[in-house]
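Written out below as structure tokens is the structure these notes cover.
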Amino acid sequence: MRILLVEDDLMIGEAVSLALKDAAYAVDWVQDGATASRVLEFPEHQAVLLDLGLPGRDGFEVLRRLRLAGHALPVIIITARDDVADRIKGLDLGADDYLAKPFDLNELLARMRAVIRRQGGQAAPLLGNGRVSLDPATREARHGETAALLSAREFALLQALLLRPGTILARAELEERIYGWNEEVESNAVDFLIHGVRKKLGAEVIKNVRGAGWMVEKAP
Ligand code: CA
């Protein structure tokens with residue numbers, strides 16, 4: 001799951017990046033509105049965390065352009081605690097949720113899980129296809145009688161597949177969802193993660209479609 005963080009405050013940006021990375025997200029961080037808009041012209045992220053007070057183009061304008069271009073990816077705005085008017089404006093411009101500064105990092109993670117879940121058209125907190133289930137709050141996966149705790153990246157891999165059961169994801173598509181811009185990706189990184197998940201949950205959990213990629217099956 002790949003997140004674009006737009007935040008000009010270095011301390012907040014660092015803390016949020018770290019918390020998101022610890023929680024198995026790939027994070028790309030930009031610090032001004034114009035760069036954010038450029039990145040979002042062709043969104044490759046699954047959600048945006050958007051500060052409103054930014055140098056140059058502010059967060060409202062970034063959001064307005066994003067929605068005008070028809071992009072539906074979830075946006076959580078970050079606002080000052082006492083600024084109700086900003087929150088209302090942001091939500092009316094198409095934000096999905098907001099966080100008031102200073103915010104608790106655990107609350108941020110819970111709100112991220114909620115908007116991503118709703119984007120996938122899912123109300124229940126567990127992701128699954130009827131055979132395999134995954135809890136985004138704990139990273140625990142279950143397959144039949146087997147339960148296992150996944151590593152951050154194993155989780156990101158299985159989550160990407162479970163968000164679109166029955167769809168084959170190619171190596172590049174998986175890499176895009178698991179790693180950020182600044183991360184070196186070894187050529188066999190995806191194979192390594194798939195091996196790890198299969199070892200914990202059973203080989204049949206992830207299906208290999210020769211020459212095309214990998215998938216989890218749709219609910220029976
Ligand atoms: Ca700011």
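By convention in this document, the chains of the structure tokens carry letters A, B, ... by their order, each chain's residues are numbered from 1, and ligands are numbered from 1 in the order they are shown.
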Check every protein, DNA and RNA residue against ligand 1, keep those with an atom at most 10 Å away (counting only C-alpha atoms and all ligand atoms), and present them as a list in words.
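My answer, listing the contacting residues, is Val6, Glu7, Asp8, Asp9, Leu10, Ile12, Gly13, Gln31, Asp32, Leu50, Asp51, Leu52, Gly53, Leu54, Pro55, Asp58, Gly59, Ile78, Thr79 and Ala80 of chain A.
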Suppose we keep N, CA and C atoms; can you now write the selection as a compact mmCIF listing (two decimals), in the first residue's frame?
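Here's the written file result.txt:
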# COMPACT_ATOMS: atom_id res chain seq x y z
N VAL A 6 2.00 14.69 1.96
CA VAL A 6 2.30 16.07 1.56
C VAL A 6 2.33 16.90 2.84
N GLU A 7 3.51 17.30 3.24
CA GLU A 7 3.68 17.97 4.55
C GLU A 7 4.96 18.78 4.52
N ASP A 8 4.89 20.09 4.85
CA ASP A 8 6.10 20.92 4.80
C ASP A 8 6.80 20.98 6.15
N ASP A 9 6.15 20.55 7.21
CA ASP A 9 6.79 20.55 8.53
C ASP A 9 7.68 19.31 8.65
N LEU A 10 8.99 19.54 8.82
CA LEU A 10 9.93 18.42 8.78
C LEU A 10 9.73 17.44 9.93
N ILE A 12 6.96 16.80 11.70
CA ILE A 12 5.73 16.02 11.50
C ILE A 12 5.94 15.03 10.36
N GLY A 13 6.56 15.52 9.27
CA GLY A 13 6.77 14.66 8.10
C GLY A 13 7.60 13.43 8.44
N GLN A 31 7.03 18.04 -0.13
CA GLN A 31 6.91 19.11 0.88
C GLN A 31 6.27 20.39 0.35
N ASP A 32 5.79 20.38 -0.88
CA ASP A 32 5.07 21.57 -1.35
C ASP A 32 3.93 21.16 -2.29
N LEU A 50 -2.69 14.82 3.34
CA LEU A 50 -2.47 16.16 2.78
C LEU A 50 -2.57 17.25 3.83
N ASP A 51 -1.45 17.91 4.09
CA ASP A 51 -1.45 19.09 4.94
C ASP A 51 -2.09 20.23 4.15
N LEU A 52 -2.80 21.13 4.85
CA LEU A 52 -3.47 22.22 4.12
C LEU A 52 -2.57 23.44 3.97
N GLY A 53 -1.82 23.79 5.04
CA GLY A 53 -0.94 24.95 4.96
C GLY A 53 0.39 24.56 4.36
N LEU A 54 0.56 24.86 3.06
CA LEU A 54 1.79 24.47 2.36
C LEU A 54 2.36 25.69 1.66
N PRO A 55 3.69 25.74 1.45
CA PRO A 55 4.28 26.87 0.71
C PRO A 55 3.80 26.83 -0.75
N ASP A 58 -1.55 25.79 -1.85
CA ASP A 58 -1.95 25.16 -0.58
C ASP A 58 -2.69 23.84 -0.83
N GLY A 59 -2.97 23.16 0.28
CA GLY A 59 -3.59 21.85 0.21
C GLY A 59 -4.97 21.87 -0.43
N ILE A 78 -4.83 17.21 6.83
CA ILE A 78 -4.27 17.49 8.16
C ILE A 78 -4.53 18.98 8.42
N THR A 79 -5.26 19.28 9.47
CA THR A 79 -5.62 20.68 9.73
C THR A 79 -5.20 21.09 11.14
N ALA A 80 -5.25 22.41 11.39
CA ALA A 80 -5.00 22.90 12.75
C ALA A 80 -6.21 22.56 13.61
Among region 3-195 of chain A, which ones does DSSP place in strand (DSSP E or B), written as a VMD selection string?
chain A and resid 3 to 6 26 to 30 47 to 51 75 to 80 97 to 101 127 to 128 132 to 135 140 to 143 146 to 149 169
Taking C-alpha atoms for each residue, export the selection above as a PDB file, in the first residue's frame.
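Result went into out.pdb, see below:
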ATOM      1  CA  ILE A   3       0.904   6.553   0.434  1.00  0.00           C
ATOM      2  CA  LEU A   4       1.729  10.074  -0.718  1.00  0.00           C
ATOM      3  CA  LEU A   5       2.481  12.315   2.244  1.00  0.00           C
ATOM      4  CA  VAL A   6       2.300  16.068   1.558  1.00  0.00           C
ATOM      5  CA  ALA A  26       5.401   2.469   1.369  1.00  0.00           C
ATOM      6  CA  VAL A  27       5.621   6.254   1.790  1.00  0.00           C
ATOM      7  CA  ASP A  28       6.617   8.960  -0.663  1.00  0.00           C
ATOM      8  CA  TRP A  29       6.945  12.365   0.964  1.00  0.00           C
ATOM      9  CA  VAL A  30       6.758  15.734  -0.830  1.00  0.00           C
ATOM     10  CA  ALA A  47      -4.096   7.265  -0.543  1.00  0.00           C
ATOM     11  CA  VAL A  48      -2.940  10.825   0.157  1.00  0.00           C
ATOM     12  CA  LEU A  49      -2.227  12.443   3.483  1.00  0.00           C
ATOM     13  CA  LEU A  50      -2.466  16.162   2.780  1.00  0.00           C
ATOM     14  CA  ASP A  51      -1.447  19.092   4.945  1.00  0.00           C
ATOM     15  CA  VAL A  75      -7.465  11.883   0.856  1.00  0.00           C
ATOM     16  CA  ILE A  76      -7.052  12.606   4.549  1.00  0.00           C
ATOM     17  CA  ILE A  77      -6.400  16.273   5.257  1.00  0.00           C
ATOM     18  CA  ILE A  78      -4.274  17.493   8.159  1.00  0.00           C
ATOM     19  CA  THR A  79      -5.618  20.678   9.733  1.00  0.00           C
ATOM     20  CA  ALA A  80      -5.002  22.898  12.751  1.00  0.00           C
ATOM     21  CA  ASP A  97     -11.441  12.408   6.412  1.00  0.00           C
ATOM     22  CA  TYR A  98      -9.326  14.793   8.473  1.00  0.00           C
ATOM     23  CA  LEU A  99      -6.866  14.766  11.332  1.00  0.00           C
ATOM     24  CA  ALA A 100      -6.367  17.763  13.616  1.00  0.00           C
ATOM     25  CA  LYS A 101      -2.816  18.633  14.692  1.00  0.00           C
ATOM     26  CA  LEU A 127      -9.681  -8.431   4.305  1.00  0.00           C
ATOM     27  CA  GLY A 128     -10.259 -11.822   2.813  1.00  0.00           C
ATOM     28  CA  VAL A 132      -7.431 -16.424   3.513  1.00  0.00           C
ATOM     29  CA  SER A 133      -8.078 -13.489   5.808  1.00  0.00           C
ATOM     30  CA  LEU A 134      -5.869 -10.626   6.855  1.00  0.00           C
ATOM     31  CA  ASP A 135      -6.280  -8.187   9.715  1.00  0.00           C
ATOM     32  CA  GLU A 140      -2.285 -11.389  11.404  1.00  0.00           C
ATOM     33  CA  ALA A 141      -3.190 -13.668   8.502  1.00  0.00           C
ATOM     34  CA  ARG A 142      -5.297 -16.821   8.670  1.00  0.00           C
ATOM     35  CA  HIS A 143      -5.657 -19.692   6.293  1.00  0.00           C
ATOM     36  CA  THR A 146      -3.136 -21.783  10.306  1.00  0.00           C
ATOM     37  CA  ALA A 147      -2.559 -18.286  11.702  1.00  0.00           C
ATOM     38  CA  ALA A 148       0.635 -16.310  11.266  1.00  0.00           C
ATOM     39  CA  LEU A 149       1.972 -12.857  11.887  1.00  0.00           C
ATOM     40  CA  LEU A 169      -0.813  -8.605 -10.468  1.00  0.00           C
TER      41      LEU A 169
END
For a test of reading the model, state the distance in Å between CA of Val115 (chain A) and CA of Leu68 (chain A), rounded to one decimal.
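CA of Leu68 (chain A) lies 19.9 Å from CA of Val115 (chain A).
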Could you work out how far CA of Phe155 (chain A) lies from CA of Arg139 (chain A), giving the answer in Å with one decimal?
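Pair CA of Arg139 (chain A) / CA of Phe155 (chain A) returns 6.2 Å.
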With a distance cut-off of 8 Å and only C-alpha atoms, select the neighbouring residues of region 102-112 of chain A, excluding the residue or stretch itself and same-chain residues fewer than 6 positions from it, and output the selection as a CSV table (one decimal) with N, CA and C atoms, in the first residue's frame.
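Once everything was written out, this is part-v5.csv:
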chain,number,residue,atom,x,y,z
A,16,VAL,N,5.6,11.0,10.8
A,16,VAL,CA,4.5,10.4,10.1
A,16,VAL,C,5.0,9.3,9.1
A,19,ALA,N,6.1,6.3,11.1
A,19,ALA,CA,5.0,5.5,11.7
A,19,ALA,C,4.3,4.7,10.5
A,20,LEU,N,4.2,5.3,9.4
A,20,LEU,CA,3.6,4.6,8.3
A,20,LEU,C,4.4,3.5,7.8
A,23,ALA,N,4.2,0.6,9.9
A,23,ALA,CA,2.9,-0.1,9.7
A,23,ALA,C,2.8,-0.7,8.4
A,76,ILE,N,-6.8,12.2,3.2
A,76,ILE,CA,-7.1,12.6,4.5
A,76,ILE,C,-6.3,13.9,4.7
A,80,ALA,N,-5.2,22.4,11.4
A,80,ALA,CA,-5.0,22.9,12.8
A,80,ALA,C,-6.2,22.6,13.6
A,81,ARG,N,-5.9,22.3,14.9
A,81,ARG,CA,-7.0,21.8,15.7
A,81,ARG,C,-8.2,22.7,15.8
A,137,ALA,N,-5.1,-4.3,11.1
A,137,ALA,CA,-4.8,-3.7,12.4
A,137,ALA,C,-3.6,-4.4,13.1
Within region 22-212 of chain A, find each residue whose DSSP state, derived from the backbone, is helix (DSSP H, G or I), and express the selection as a VMD selection string.
chain A and resid 22 33 to 39 59 to 68 84 to 92 105 to 119 152 to 162 171 to 178 189 to 201 203 to 205
At a cut-off of 12 Å, can you tabulate as a tab-separated table every residue of region 106-180 of chain A near region 213-216 of chain A together with its closest atom pair and the distance in Å to one decimal, using only C-alpha atoms and ordering rows by chain then number?
residue	atom	partner	partner_atom	distance
A:Leu127	CA	A:Val216	CA	12.0
A:Gly128	CA	A:Val216	CA	9.6
A:Asn129	CA	A:Val216	CA	7.8
A:Gly130	CA	A:Val216	CA	10.6
A:Arg131	CA	A:Val216	CA	9.5
A:Val132	CA	A:Val216	CA	8.7
A:Ser133	CA	A:Val216	CA	11.0
A:Leu157	CA	A:Trp214	CA	10.3
A:Leu158	CA	A:Val216	CA	8.5
A:Gln159	CA	A:Val216	CA	10.2
A:Ala160	CA	A:Met215	CA	9.5
A:Leu161	CA	A:Met215	CA	6.0
A:Leu162	CA	A:Val216	CA	6.5
A:Leu163	CA	A:Val216	CA	9.5
A:Arg164	CA	A:Val216	CA	8.1
A:Pro165	CA	A:Val216	CA	5.3
A:Gly166	CA	A:Val216	CA	6.0
A:Thr167	CA	A:Met215	CA	5.9
A:Ile168	CA	A:Met215	CA	4.8
A:Leu169	CA	A:Gly213	CA	5.3
A:Ala170	CA	A:Gly213	CA	4.2
A:Arg171	CA	A:Gly213	CA	6.0
A:Ala172	CA	A:Gly213	CA	9.1
A:Glu173	CA	A:Gly213	CA	9.2
A:Leu174	CA	A:Trp214	CA	9.0
A:Glu175	CA	A:Gly213	CA	11.6
For Leu91 (chain A), which residue out of A:Ala69, A:Arg113, A:Arg64, A:Gly211 is the nearest one, using only C-alpha atoms?
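Of the candidates, the smallest distance to Leu91 (chain A) is held by A:Arg64.
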